[in-house]
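Undergrad: Just passing along the structure, written as structure tokens.
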Amino acid sequence: MELKEILAISGQPGLYKYVAQSTRGVIVESLLDGRRMNASAQSRVSALSEISMFTEGDDIPLADVFTRIYEHTGGKEAISPKSSPEELKAAFAEVLPEYDRERVHVSDIKKCFAWYNTLLQAGFTEFKLPAEDQPSEE
């Protein structure tokens, strides 16, 4: 399973794995409980590989943020997203010191740590972006 197959659906808690295309949207499976559902075409569905975090310089892909969290925690779960805003900001600053404090809100940080913990529980240990199609050398 790759990060491009993991979806966040606006208005729905948790993360979902892409299963198949349906006539009215996409069929997804919850990473939390394995239940399948149809995400309608009107739902805002985002692949985690397409999401990035604001920094003082260039935006950084969420996959890179997850990799930094994984390295920082030594492969263990990150801080609980239910921690206080001050604790969340401090923990996030340790992982990504260059994050844009004006544009990255506490809710974004909570979501980032919650998603990381969910992915870890689902067995993810590598957070790579899909490689660009490169011509093969023969």
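Following the order of the structure tokens, first chain is A, next is B, and so on, with residues numbered from 1 inside each chain and ligands from 1 in the order they appear.
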DSSP on the backbone: what in chain A comes out strand (DSSP E), as a list of chain:residue names?
TA: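 Across chain A, those assigned strand (DSSP E) are A:Ile6, A:Leu7, A:Ala8, A:Ile9, A:Tyr16, A:Lys17, A:Tyr18, A:Val19, A:Ala20, A:Gln21, A:Ser22, A:Gly25, A:Val26, A:Ile27, A:Val28, A:Glu29, A:Ser30, A:Arg36, A:Met37, A:Asn38, A:Ala39, A:Ser40, A:Val45, A:Ser46, A:Ala47, A:Ser52, A:Met53, A:Ile60, A:Pro61.
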Undergrad: Would you kindly return, as a list in words, each protein, DNA or RNA residue with an atom no farther than 8 Å from any atom of stretch 86-94 of chain A, considering only C-alpha atoms and excluding same-chain residues fewer than 5 positions away?
TA: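 Those residues are Ile79, Pro81, Tyr99, Val106, Ile109 and Lys110 of chain A.
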Undergrad: Which one of A:Arg36, A:Phe113, A:Lys128, A:Ser10 sits closest to A:Thr73 if you count only C-alpha atoms?
TA: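 Ranking A:Arg36, A:Phe113, A:Lys128, A:Ser10 by distance to A:Thr73, first place goes to A:Phe113.
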Undergrad: I'd like to know which residues of chain A are alpha helix (DSSP H) (by DSSP, run on the backbone); could you write them as number ranges by chain?
TA: A: 62-73, 85-95, 106-121
Undergrad: Give me the residues near A:Val65 as a list in words, where near means some atom within 10 Å (using only C-alpha atoms) and where sequence neighbours in that chain fewer than 2 positions away do not count.
TA: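 The residues satisfying every condition are Ser52, Met53, Ile60, Pro61, Leu62, Ala63, Thr67, Arg68, Ile69, Tyr70, Glu71, Phe92, Val95, Leu96, Cys112, Phe113, Tyr116 and Phe127 of chain A.
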Undergrad: Could you write out the selected residues, including all heavy atoms, as a short mmCIF file (atom, residue, chain, number, x, y, z; two decimals), in the first residue's frame?
TA:
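Everything below was put into result_2.cif:
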```
data_model
loop_
_atom_site.label_atom_id
_atom_site.label_comp_id
_atom_site.auth_asym_id
_atom_site.auth_seq_id
_atom_site.Cartn_x
_atom_site.Cartn_y
_atom_site.Cartn_z
N SER A 52 0.55 19.13 1.49
CA SER A 52 1.85 19.61 1.98
C SER A 52 1.62 20.59 3.13
O SER A 52 0.53 21.08 3.35
CB SER A 52 2.64 20.26 0.84
OG SER A 52 1.93 21.34 0.30
N MET A 53 2.71 20.86 3.86
CA MET A 53 2.68 21.79 4.99
C MET A 53 3.39 23.07 4.61
O MET A 53 4.41 23.04 3.93
CB MET A 53 3.40 21.19 6.20
CG MET A 53 2.61 20.16 6.92
SD MET A 53 1.26 20.94 7.80
CE MET A 53 0.94 19.74 9.03
N ILE A 60 6.50 21.74 2.24
CA ILE A 60 7.09 20.41 2.35
C ILE A 60 5.98 19.36 2.27
O ILE A 60 4.95 19.50 2.93
CB ILE A 60 7.92 20.29 3.65
CG1 ILE A 60 8.59 18.94 3.77
CG2 ILE A 60 7.07 20.55 4.86
CD1 ILE A 60 9.60 18.86 4.89
N PRO A 61 6.16 18.33 1.44
CA PRO A 61 5.11 17.30 1.32
C PRO A 61 4.85 16.62 2.66
O PRO A 61 5.78 16.43 3.47
CB PRO A 61 5.70 16.30 0.31
CG PRO A 61 6.78 17.04 -0.40
CD PRO A 61 7.29 18.08 0.56
N LEU A 62 3.61 16.23 2.88
CA LEU A 62 3.22 15.57 4.12
C LEU A 62 4.02 14.28 4.33
O LEU A 62 4.35 13.93 5.46
CB LEU A 62 1.71 15.28 4.10
CG LEU A 62 1.04 14.95 5.41
CD1 LEU A 62 1.27 16.04 6.44
CD2 LEU A 62 -0.45 14.75 5.21
N ALA A 63 4.36 13.60 3.25
CA ALA A 63 5.16 12.37 3.35
C ALA A 63 6.49 12.66 4.03
O ALA A 63 6.96 11.87 4.86
CB ALA A 63 5.39 11.78 1.96
N THR A 67 7.93 11.26 7.61
CA THR A 67 9.25 10.64 7.70
C THR A 67 10.04 11.27 8.84
O THR A 67 10.69 10.57 9.63
CB THR A 67 10.02 10.78 6.38
OG1 THR A 67 9.26 10.12 5.34
CG2 THR A 67 11.40 10.16 6.46
N ARG A 68 9.96 12.59 8.96
CA ARG A 68 10.66 13.29 10.06
C ARG A 68 10.10 12.87 11.42
O ARG A 68 10.85 12.69 12.37
CB ARG A 68 10.54 14.80 9.90
CG ARG A 68 11.39 15.35 8.77
CD ARG A 68 11.31 16.85 8.80
NE ARG A 68 12.06 17.47 7.73
CZ ARG A 68 12.35 18.76 7.68
NH1 ARG A 68 11.96 19.57 8.66
NH2 ARG A 68 13.02 19.27 6.67
N ILE A 69 8.77 12.75 11.51
CA ILE A 69 8.15 12.33 12.78
C ILE A 69 8.62 10.91 13.11
O ILE A 69 8.97 10.61 14.25
CB ILE A 69 6.61 12.39 12.71
CG1 ILE A 69 6.13 13.83 12.52
CG2 ILE A 69 5.99 11.79 13.97
CD1 ILE A 69 4.64 13.97 12.23
N TYR A 70 8.63 10.03 12.10
CA TYR A 70 9.04 8.64 12.30
C TYR A 70 10.47 8.57 12.82
O TYR A 70 10.77 7.84 13.77
CB TYR A 70 8.91 7.88 10.98
CG TYR A 70 9.14 6.39 11.10
CD1 TYR A 70 8.13 5.55 11.54
CD2 TYR A 70 10.38 5.83 10.78
CE1 TYR A 70 8.34 4.18 11.66
CE2 TYR A 70 10.59 4.46 10.89
CZ TYR A 70 9.57 3.65 11.32
OH TYR A 70 9.77 2.29 11.44
N GLU A 71 11.36 9.36 12.23
CA GLU A 71 12.76 9.38 12.66
C GLU A 71 12.88 9.99 14.06
O GLU A 71 13.65 9.51 14.89
CB GLU A 71 13.61 10.16 11.66
CG GLU A 71 13.78 9.44 10.34
CD GLU A 71 14.37 10.31 9.24
OE1 GLU A 71 14.61 11.52 9.47
OE2 GLU A 71 14.58 9.78 8.14
N PHE A 92 5.67 19.74 17.34
CA PHE A 92 5.75 19.95 15.89
C PHE A 92 6.98 20.77 15.53
O PHE A 92 7.63 20.50 14.53
CB PHE A 92 4.47 20.61 15.38
CG PHE A 92 4.26 20.45 13.91
CD1 PHE A 92 3.96 19.20 13.37
CD2 PHE A 92 4.36 21.52 13.04
CE1 PHE A 92 3.76 19.04 12.02
CE2 PHE A 92 4.17 21.37 11.68
CZ PHE A 92 3.87 20.12 11.16
N VAL A 95 10.01 18.61 15.28
CA VAL A 95 10.05 17.81 14.06
C VAL A 95 10.28 18.68 12.83
O VAL A 95 11.06 18.34 11.95
CB VAL A 95 8.71 17.03 13.91
CG1 VAL A 95 8.65 16.32 12.58
CG2 VAL A 95 8.53 16.06 15.04
N LEU A 96 9.60 19.81 12.78
CA LEU A 96 9.65 20.69 11.61
C LEU A 96 9.87 22.13 12.09
O LEU A 96 8.93 22.93 12.12
CB LEU A 96 8.34 20.56 10.81
CG LEU A 96 8.28 21.20 9.45
CD1 LEU A 96 9.21 20.50 8.47
CD2 LEU A 96 6.85 21.14 8.91
N CYS A 112 -2.18 16.23 11.55
CA CYS A 112 -0.92 15.63 11.12
C CYS A 112 -0.50 14.50 12.08
O CYS A 112 -0.19 13.39 11.64
CB CYS A 112 0.17 16.69 11.02
SG CYS A 112 1.77 16.06 10.50
N PHE A 113 -0.52 14.77 13.38
CA PHE A 113 -0.13 13.74 14.36
C PHE A 113 -1.15 12.59 14.39
O PHE A 113 -0.77 11.43 14.51
CB PHE A 113 0.04 14.35 15.75
CG PHE A 113 1.33 15.11 15.92
CD1 PHE A 113 1.33 16.38 16.47
CD2 PHE A 113 2.54 14.57 15.54
CE1 PHE A 113 2.52 17.09 16.64
CE2 PHE A 113 3.74 15.26 15.70
CZ PHE A 113 3.73 16.52 16.25
N TYR A 116 -0.54 10.49 11.28
CA TYR A 116 0.70 9.74 11.43
C TYR A 116 0.46 8.51 12.32
O TYR A 116 0.85 7.40 11.97
CB TYR A 116 1.80 10.63 12.03
CG TYR A 116 3.01 9.83 12.44
CD1 TYR A 116 3.95 9.42 11.49
CD2 TYR A 116 3.19 9.43 13.76
CE1 TYR A 116 5.05 8.66 11.86
CE2 TYR A 116 4.28 8.67 14.14
CZ TYR A 116 5.21 8.28 13.18
OH TYR A 116 6.28 7.51 13.55
N PHE A 127 7.18 6.45 4.27
CA PHE A 127 6.23 7.44 3.77
C PHE A 127 6.81 8.09 2.52
O PHE A 127 7.22 9.23 2.53
CB PHE A 127 5.96 8.49 4.85
CG PHE A 127 5.55 7.89 6.16
CD1 PHE A 127 6.48 7.70 7.18
CD2 PHE A 127 4.25 7.47 6.38
CE1 PHE A 127 6.12 7.13 8.39
CE2 PHE A 127 3.88 6.90 7.59
CZ PHE A 127 4.81 6.73 8.58
#
```
Undergrad: Between A:Glu56, A:Ala122, A:Gly75, A:Ile51, single out the one closest to A:Arg103, counting only C-alpha atoms.
TA: A:Glu56
Undergrad: Rank nothing, just name the residue among A:Ser43, A:Glu77, A:Gly57, A:Pro85 nearest to A:Pro97, using only C-alpha atoms.
TA: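 Using only C-alpha atoms, the shortest distance to A:Pro97 belongs to A:Gly57.
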Undergrad: Could you pull the residues within 10 Å of A:Val19, counting only C-alpha atoms, minus those fewer than 5 positions along the same chain, as a ChimeraX atom specification?
TA: /A:5-6,26-29,36-38
Undergrad: Need to verify the contact set: A:Ala41, 10 Å, only C-alpha atoms, exclusion of same-chain residues closer than 2 positions in sequence. Can you return it as a list in words?
TA: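 Near A:Ala41, the qualifying residues are Ser22, Thr23, Arg24, Gly25, Val26, Asn38, Ala39, Ser43, Arg44 and Val45 of chain A.
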Undergrad: One number please: atom CA of A:Thr55 to atom CA of A:Glu98, in Å, one decimal.
TA: 5.5 Å
Undergrad: Report the distance between atom CA of A:Leu31 and atom CA of A:Ser83 in Å, rounded to one decimal place.
TA: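 According to the coordinates, atom CA of A:Leu31 and atom CA of A:Ser83 are separated by 22.3 Å.
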Undergrad: Which one is closest to A:Phe66: A:Phe54, A:Leu48, A:Lys4, A:Gln12? Count only C-alpha atoms.
TA: A:Leu48
